[in-house]
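Everything below belongs to final.txt, which stores compact mmCIF, C-alpha atoms.
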# COMPACT_ATOMS: atom_id res chain seq x y z
CA MET A 1 81.98 112.14 116.62
CA ARG A 2 84.83 110.89 118.78
CA PHE A 3 82.42 110.23 121.62
CA ALA A 4 80.23 108.18 119.26
CA LEU A 5 83.24 106.20 118.13
CA ALA A 6 84.28 105.55 121.71
CA GLN A 7 80.78 104.36 122.57
CA GLY A 8 80.73 102.12 119.52
CA ALA A 9 84.12 100.64 120.35
CA ALA A 10 82.92 99.84 123.85
CA ALA A 11 79.87 98.01 122.56
CA LEU A 12 81.16 96.52 119.31
CA TRP A 13 84.83 96.00 119.97
CA ARG A 14 84.80 92.68 118.12
CA ALA A 15 83.66 94.36 114.87
CA PRO A 16 86.79 95.04 112.76
CA GLN A 17 84.89 97.39 110.45
CA LEU A 18 84.21 99.73 113.35
CA TRP A 19 87.89 100.07 114.23
CA HIS A 20 88.80 100.48 110.57
CA GLU A 21 86.19 103.15 109.84
CA ALA A 22 87.05 105.05 112.98
CA ALA A 23 90.74 105.10 112.08
CA ARG A 24 89.99 106.16 108.50
CA TRP A 25 87.80 109.00 109.78
CA LEU A 26 90.56 110.23 112.08
CA GLU A 27 93.08 110.02 109.25
CA GLY A 28 90.72 112.04 107.04
CA GLU A 29 90.51 114.65 109.79
CA GLY A 30 94.29 114.96 109.68
CA ASN A 31 94.88 113.28 113.03
CA ALA A 32 97.41 110.63 112.03
CA PRO A 33 98.59 109.76 115.57
CA ALA A 34 95.01 109.11 116.73
CA ALA A 35 94.27 107.06 113.60
CA ARG A 36 97.33 104.91 114.20
CA GLU A 37 96.33 104.40 117.82
CA VAL A 38 92.83 103.25 116.86
CA TRP A 39 94.18 100.72 114.36
CA ARG A 40 96.63 99.45 116.98
CA ARG A 41 93.90 99.15 119.59
CA GLY A 42 91.82 97.24 117.07
CA LEU A 43 94.69 94.83 116.44
CA ALA A 44 95.20 94.38 120.17
CA ALA A 45 91.55 93.35 120.43
CA LEU A 46 91.50 91.33 117.18
CA PRO A 47 95.09 90.17 116.60
CA ARG A 48 94.29 87.99 113.56
CA GLU A 49 91.97 90.36 111.70
CA PRO A 50 93.18 90.95 108.09
CA LEU A 51 91.16 94.14 107.58
CA LEU A 52 93.00 95.87 110.41
CA TYR A 53 96.45 94.74 109.30
CA LEU A 54 95.75 95.86 105.75
CA GLY A 55 94.24 99.12 106.91
CA LEU A 56 97.15 100.00 109.19
CA ALA A 57 99.72 98.87 106.61
CA GLY A 58 98.12 101.09 104.00
CA PHE A 59 98.09 103.97 106.46
CA GLU A 60 101.77 103.54 107.31
CA GLU A 61 102.60 103.40 103.61
CA ARG A 62 100.73 106.66 103.05
CA GLN A 63 102.70 108.12 105.94
CA GLY A 64 105.95 107.07 104.24
CA LYS A 65 106.77 104.47 106.92
CA MET A 66 107.60 101.64 104.55
CA ASP A 67 109.39 99.47 107.11
CA ASP A 68 106.36 99.59 109.41
CA ALA A 69 104.01 98.77 106.54
CA ALA A 70 106.17 95.82 105.49
CA ALA A 71 106.36 94.51 109.05
CA LEU A 72 102.57 94.61 109.37
CA LEU A 73 102.08 92.69 106.13
CA ASP A 74 104.71 90.15 107.19
CA THR A 75 102.88 89.68 110.48
CA LEU A 76 99.57 89.22 108.67
CA VAL A 77 101.07 86.54 106.42
CA ALA A 78 102.52 84.78 109.48
CA LYS A 79 99.46 84.99 111.75
CA ALA A 80 96.58 84.74 109.27
CA PRO A 81 97.91 83.53 105.91
CA SER A 82 95.51 83.76 102.99
CA ALA A 83 95.51 84.47 99.29
CA ALA A 84 94.49 88.08 99.99
CA ALA A 85 97.36 88.52 102.45
CA HIS A 86 99.91 87.17 99.97
CA VAL A 87 98.53 89.31 97.16
CA ALA A 88 98.78 92.41 99.36
CA ARG A 89 102.36 91.54 100.31
CA LEU A 90 103.26 90.93 96.66
CA ARG A 91 101.84 94.23 95.47
CA PHE A 92 103.49 96.16 98.29
CA GLY A 93 106.84 94.53 97.62
CA TRP A 94 106.82 95.48 93.95
CA ARG A 95 105.55 99.04 94.31
CA ALA A 96 107.47 100.00 97.47
CA ARG A 97 110.67 97.98 97.29
CA GLY A 98 111.06 96.77 93.71
CA ALA A 99 111.48 93.50 91.87
CA ALA A 100 113.65 91.68 94.41
CA ALA A 101 111.18 92.31 97.26
CA GLY A 102 108.21 91.37 95.08
CA ARG A 103 109.84 88.11 94.03
CA ALA A 104 110.80 87.32 97.62
CA ALA A 105 107.15 87.78 98.62
CA PHE A 106 106.10 85.37 95.86
CA ALA A 107 108.72 82.85 96.98
CA LEU A 108 107.26 83.01 100.49
CA ALA A 109 103.74 82.51 99.11
CA ARG A 110 104.85 79.42 97.23
CA ARG A 111 106.11 77.93 100.51
CA GLN A 112 102.53 78.14 101.80
CA PRO A 113 100.67 76.29 99.05
CA ALA A 114 97.50 75.89 101.10
CA HIS A 115 97.15 79.68 101.11
CA SER A 116 98.43 80.38 97.60
CA PRO A 117 95.79 79.45 95.02
CA TRP A 118 96.12 80.45 91.40
CA PRO A 119 95.16 84.16 91.89
CA VAL A 120 98.41 84.62 93.83
CA TYR A 121 100.35 83.26 90.85
CA ALA A 122 98.32 85.40 88.46
CA THR A 123 99.16 88.50 90.49
CA ALA A 124 102.86 87.62 90.50
CA ALA A 125 102.82 87.07 86.73
CA GLN A 126 101.02 90.33 86.01
CA LEU A 127 103.35 92.31 88.26
CA GLU A 128 106.35 90.83 86.47
CA TYR A 129 104.91 91.87 83.12
CA MET A 130 103.81 95.36 84.13
CA LEU A 131 106.74 96.33 86.35
CA GLY A 132 109.65 94.26 85.05
CA GLU A 133 112.43 96.30 83.55
CA GLU A 134 112.74 94.61 80.16
CA ARG A 135 109.35 93.96 78.57
CA ALA A 136 110.12 90.83 76.54
CA ALA A 137 111.94 89.12 79.41
CA ALA A 138 109.25 90.22 81.87
CA ALA A 139 106.53 88.81 79.63
CA GLU A 140 108.32 85.47 79.45
CA THR A 141 108.83 85.39 83.23
CA GLY A 142 105.14 86.07 83.74
CA ARG A 143 104.25 83.35 81.27
CA ARG A 144 106.38 80.84 83.17
CA VAL A 145 104.62 81.79 86.41
CA TYR A 146 101.23 81.18 84.80
CA ALA A 147 102.50 77.91 83.32
CA LEU A 148 103.60 76.81 86.78
CA ALA A 149 100.17 77.66 88.20
CA LEU A 150 98.48 75.64 85.46
CA ALA A 151 100.79 72.66 86.00
CA LYS A 152 100.05 72.72 89.74
CA ALA A 153 96.33 72.98 89.07
CA GLU A 154 96.48 70.01 86.67
CA ALA A 155 98.36 67.91 89.22
CA SER A 156 95.86 68.82 91.93
CA ALA A 157 92.90 68.04 89.67
CA GLN A 158 94.33 64.65 88.81
CA ALA A 159 95.05 63.83 92.43
CA LYS A 160 91.63 64.91 93.71
CA GLY A 161 89.53 63.93 90.71
CA GLY A 162 88.44 67.50 89.99
CA SER A 163 89.11 69.92 87.18
CA VAL A 164 91.38 72.86 86.53
CA PRO A 165 89.83 76.21 87.56
CA ALA A 166 88.30 77.87 84.51
CA GLY A 167 89.27 81.24 85.96
CA LEU A 168 92.94 80.31 85.76
CA VAL A 169 92.72 79.36 82.09
CA LEU A 170 90.79 82.55 81.26
CA SER A 171 93.23 84.73 83.21
CA TYR A 172 96.20 83.04 81.53
CA ALA A 173 94.60 83.52 78.11
CA SER A 174 94.02 87.20 78.85
CA TYR A 175 97.66 87.55 79.85
CA LEU A 176 98.91 85.91 76.66
CA ARG A 177 96.67 88.14 74.56
CA ALA A 178 97.96 91.24 76.35
CA SER A 179 101.56 90.17 75.84
CA ALA A 180 100.92 89.30 72.17
CA ASP A 181 102.11 85.72 72.61
CA LEU A 182 100.06 84.13 69.85
CA PRO A 183 101.73 80.68 69.70
CA ASN A 184 101.37 80.07 73.42
CA LEU A 185 97.84 81.50 73.39
CA ARG A 186 96.73 79.02 70.75
CA GLU A 187 98.42 76.20 72.65
CA LEU A 188 96.70 77.23 75.90
CA LEU A 189 93.28 77.42 74.27
CA GLU A 190 93.69 73.94 72.84
CA ARG A 191 94.83 72.67 76.20
CA GLY A 192 91.97 74.40 77.98
CA LEU A 193 89.41 72.82 75.68
CA LEU A 194 90.73 69.44 76.78
CA LEU A 195 91.16 70.22 80.46
CA LEU A 196 87.87 71.94 81.25
CA PRO A 197 84.40 70.40 81.47
CA ALA A 198 82.34 71.17 78.38
CA ALA A 199 80.21 73.80 80.11
CA GLU A 200 83.30 75.74 81.22
CA ALA A 201 85.26 75.10 78.04
CA ALA A 202 82.44 76.86 76.19
CA GLN A 203 83.89 80.14 77.52
CA LEU A 204 87.04 79.55 75.47
CA TRP A 205 85.41 79.23 72.06
CA PRO A 206 84.57 82.96 71.65
CA ILE A 207 88.12 83.87 72.64
CA TYR A 208 89.55 81.38 70.17
CA ALA A 209 87.22 82.67 67.45
CA GLN A 210 88.37 86.25 68.06
CA VAL A 211 92.01 85.19 67.90
CA GLU A 212 91.51 83.38 64.59
CA ALA A 213 89.45 86.25 63.19
CA GLN A 214 92.31 88.63 63.93
CA PHE A 215 95.32 86.48 63.16
CA GLY A 216 94.19 83.29 61.47
CA THR A 217 93.58 82.29 57.89
CA ALA A 218 90.24 81.64 56.24
CA ALA A 219 90.95 77.92 56.53
CA SER A 220 91.78 78.11 60.26
CA GLN A 221 88.64 80.14 60.92
CA ALA A 222 86.48 77.65 59.06
CA GLU A 223 88.04 74.71 60.89
CA LEU A 224 87.50 76.33 64.26
CA ALA A 225 83.88 77.14 63.42
CA LYS A 226 83.33 73.47 62.52
CA ARG A 227 84.87 72.30 65.80
CA ARG A 228 82.86 74.80 67.82
CA ALA A 229 79.61 73.69 66.21
CA ALA A 230 80.44 70.04 66.91
CA ALA A 231 81.16 70.82 70.57
CA ALA A 232 77.89 72.72 71.08
Would you give me this structure, written as structure tokens?
Amino acid sequence: MRFALAQGAAALWRAPQLWHEAARWLEGEGNAPAAREVWRRGLAALPREPLLYLGLAGFEERQGKMDDAAALLDTLVAKAPSAAAHVARLRFGWRARGAAAGRAAFALARRQPAHSPWPVYATAAQLEYMLGEERAAAAETGRRVYALALAKAEASAQAKGGSVPAGLVLSYASYLRASADLPNLRELLERGLLLLPAAEAAQLWPIYAQVEAQFGTAASQAELAKRRAAAA
């Protein structure tokens, strides 16, 4: 098997998946030093390849080498910034180092707006809610992060003549439902119906109907049904 991997590396050294799979195989065989060496050789050949940074960072984390894992993720964010890189750095910060490290990673992501679309904000908000120490305060912090993402998306849409991403509104609505924030959920749904094109806003009506069926009055349900029919 090692001979086959060596032959493959010689012929396909520009294929990151080959380096990654070879290192994972060696790790599975219990040969951690060899696995680390393969990932490092892959990065020497492909120094901007996210798969190899993420693979080696995950390996070092599994080996308990948190400083090495953090350094690899920091290098990835510096050399090849992307939403995926920032999300990985955020998640690592929270699970390995705690709230301060996770928030610092989010602060760094916000300083690279070209590489921090709304999924980065959504990840930060969800991590606050799930891992924050005090649930009510964590829920509010997460809500503010989502609100910031929506405000940025609105400003961008106005400047470029586009529209707010429907995925952001749906993710934000899901968050507010999970955190039982009914007033802000209703406000978001109303806002989303105005912000989104009709075809995308149609995704919000079933959510709104479920919310009113669970928490609304007969009058509010009837009014929403009338509005939904008119919008169809």
Selected residue, from A:Ala15, A:Ala101, A:Met130, A:Ala69, that lies nearest to Arg36 of chain A when counting all atoms listed in the file: A:Ala69
Near Gly167 of chain A, within 10 Å and counting all atoms listed in the file, which residues show up once chain neighbours fewer than 3 positions away are dropped, as a ChimeraX atom specification? /A:118-119,164,170-173,200
Can you measure atom CA of Glu60 of chain A to atom CA of Ala107 of chain A for me? One decimal in Å is fine. 24.1 Å
Mind listing whatever residues come within 12 Å of the point (102.1, 77.7, 105.8)? Use all atoms listed in the file, file coordinates, and give them as an MDAnalysis selection string. chainID A and resid 77:83 86 108:116
Of A:Ala104, A:Val145, A:Ala222, A:Ala138, the one sitting nearest Val120 of chain A when using all atoms listed in the file is A:Val145
What's around Ala201 of chain A at 12 Å? Count only C-alpha atoms, leave out sequence neighbours fewer than 6 positions away in its own chain, and write the answer as number ranges by chain. A: 163-167, 169-170, 188-195, 207-208, 228, 231-232
Length of the atom CA of Leu90 of chain A to atom CA of Leu127 of chain A vector [Å]: 8.5 Å
Got a sec: who's within 7 Å of Pro50 of chain A, counting only C-alpha atoms, leaving out chain neighbours fewer than 3 positions off, as a list in words? Tyr53, Leu54 and Leu76 of chain A
Residues from last step as file, C-alpha atoms, as a PDB file, in the frame of the given file:
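Output contents, as saved in part.pdb:
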ATOM      1  CA  TYR A  53      96.450  94.740 109.300  1.00  0.00           C
ATOM      2  CA  LEU A  54      95.750  95.860 105.750  1.00  0.00           C
ATOM      3  CA  LEU A  76      99.570  89.220 108.670  1.00  0.00           C
TER       4      LEU A  76
END
Please compute the atom CA of Glu21 of chain A-atom CA of Thr123 of chain A distance, one decimal, in Å. 27.5 Å
Just need the box for segment 51-60 of chain A, edges along x, y and z, holding every atom the file lists for it with 6 Å tacked onto each side, so centre and edge lengths in Å to one decimal, as JSON.
{"center_x": 96.5, "center_y": 99.1, "center_z": 107.2, "size_x": 22.6, "size_y": 21.8, "size_z": 18.4}
So which one's closest to Arg48 of chain A, A:Arg14, A:Arg24, A:Arg177, A:Lys65? Using only C-alpha atoms, please.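 Nearest to Arg48 of chain A: A:Arg14.
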Could you name the residues that touch Pro33 of chain A at 12 Å or less, counting all atoms listed in the file, but leaving out those on the same chain fewer than 3 positions away, as a list in words?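 With the cut-off at 12 Å, the set is Ala23, Arg24, Leu26, Glu27, Gly28, Glu29, Gly30, Arg36, Glu37, Val38, Trp39, Arg40, Leu56, Phe59, Glu60 and Gln63 of chain A.
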List the neighbours of Asp67 of chain A out to 12 Å using only C-alpha atoms; skip same-chain residues closer than 2 positions along the sequence, and give me the result as a PyMOL selection string. chain A and resi 57-58+60-65+69-74+92-93+96-97
Show me as an MDAnalysis selection string the residues that reach within 8 Å of (102.2, 84.0, 81.3), counting only C-alpha atoms and using the file's own coordinates. chainID A and resid 125:126 139:147 172 175:176
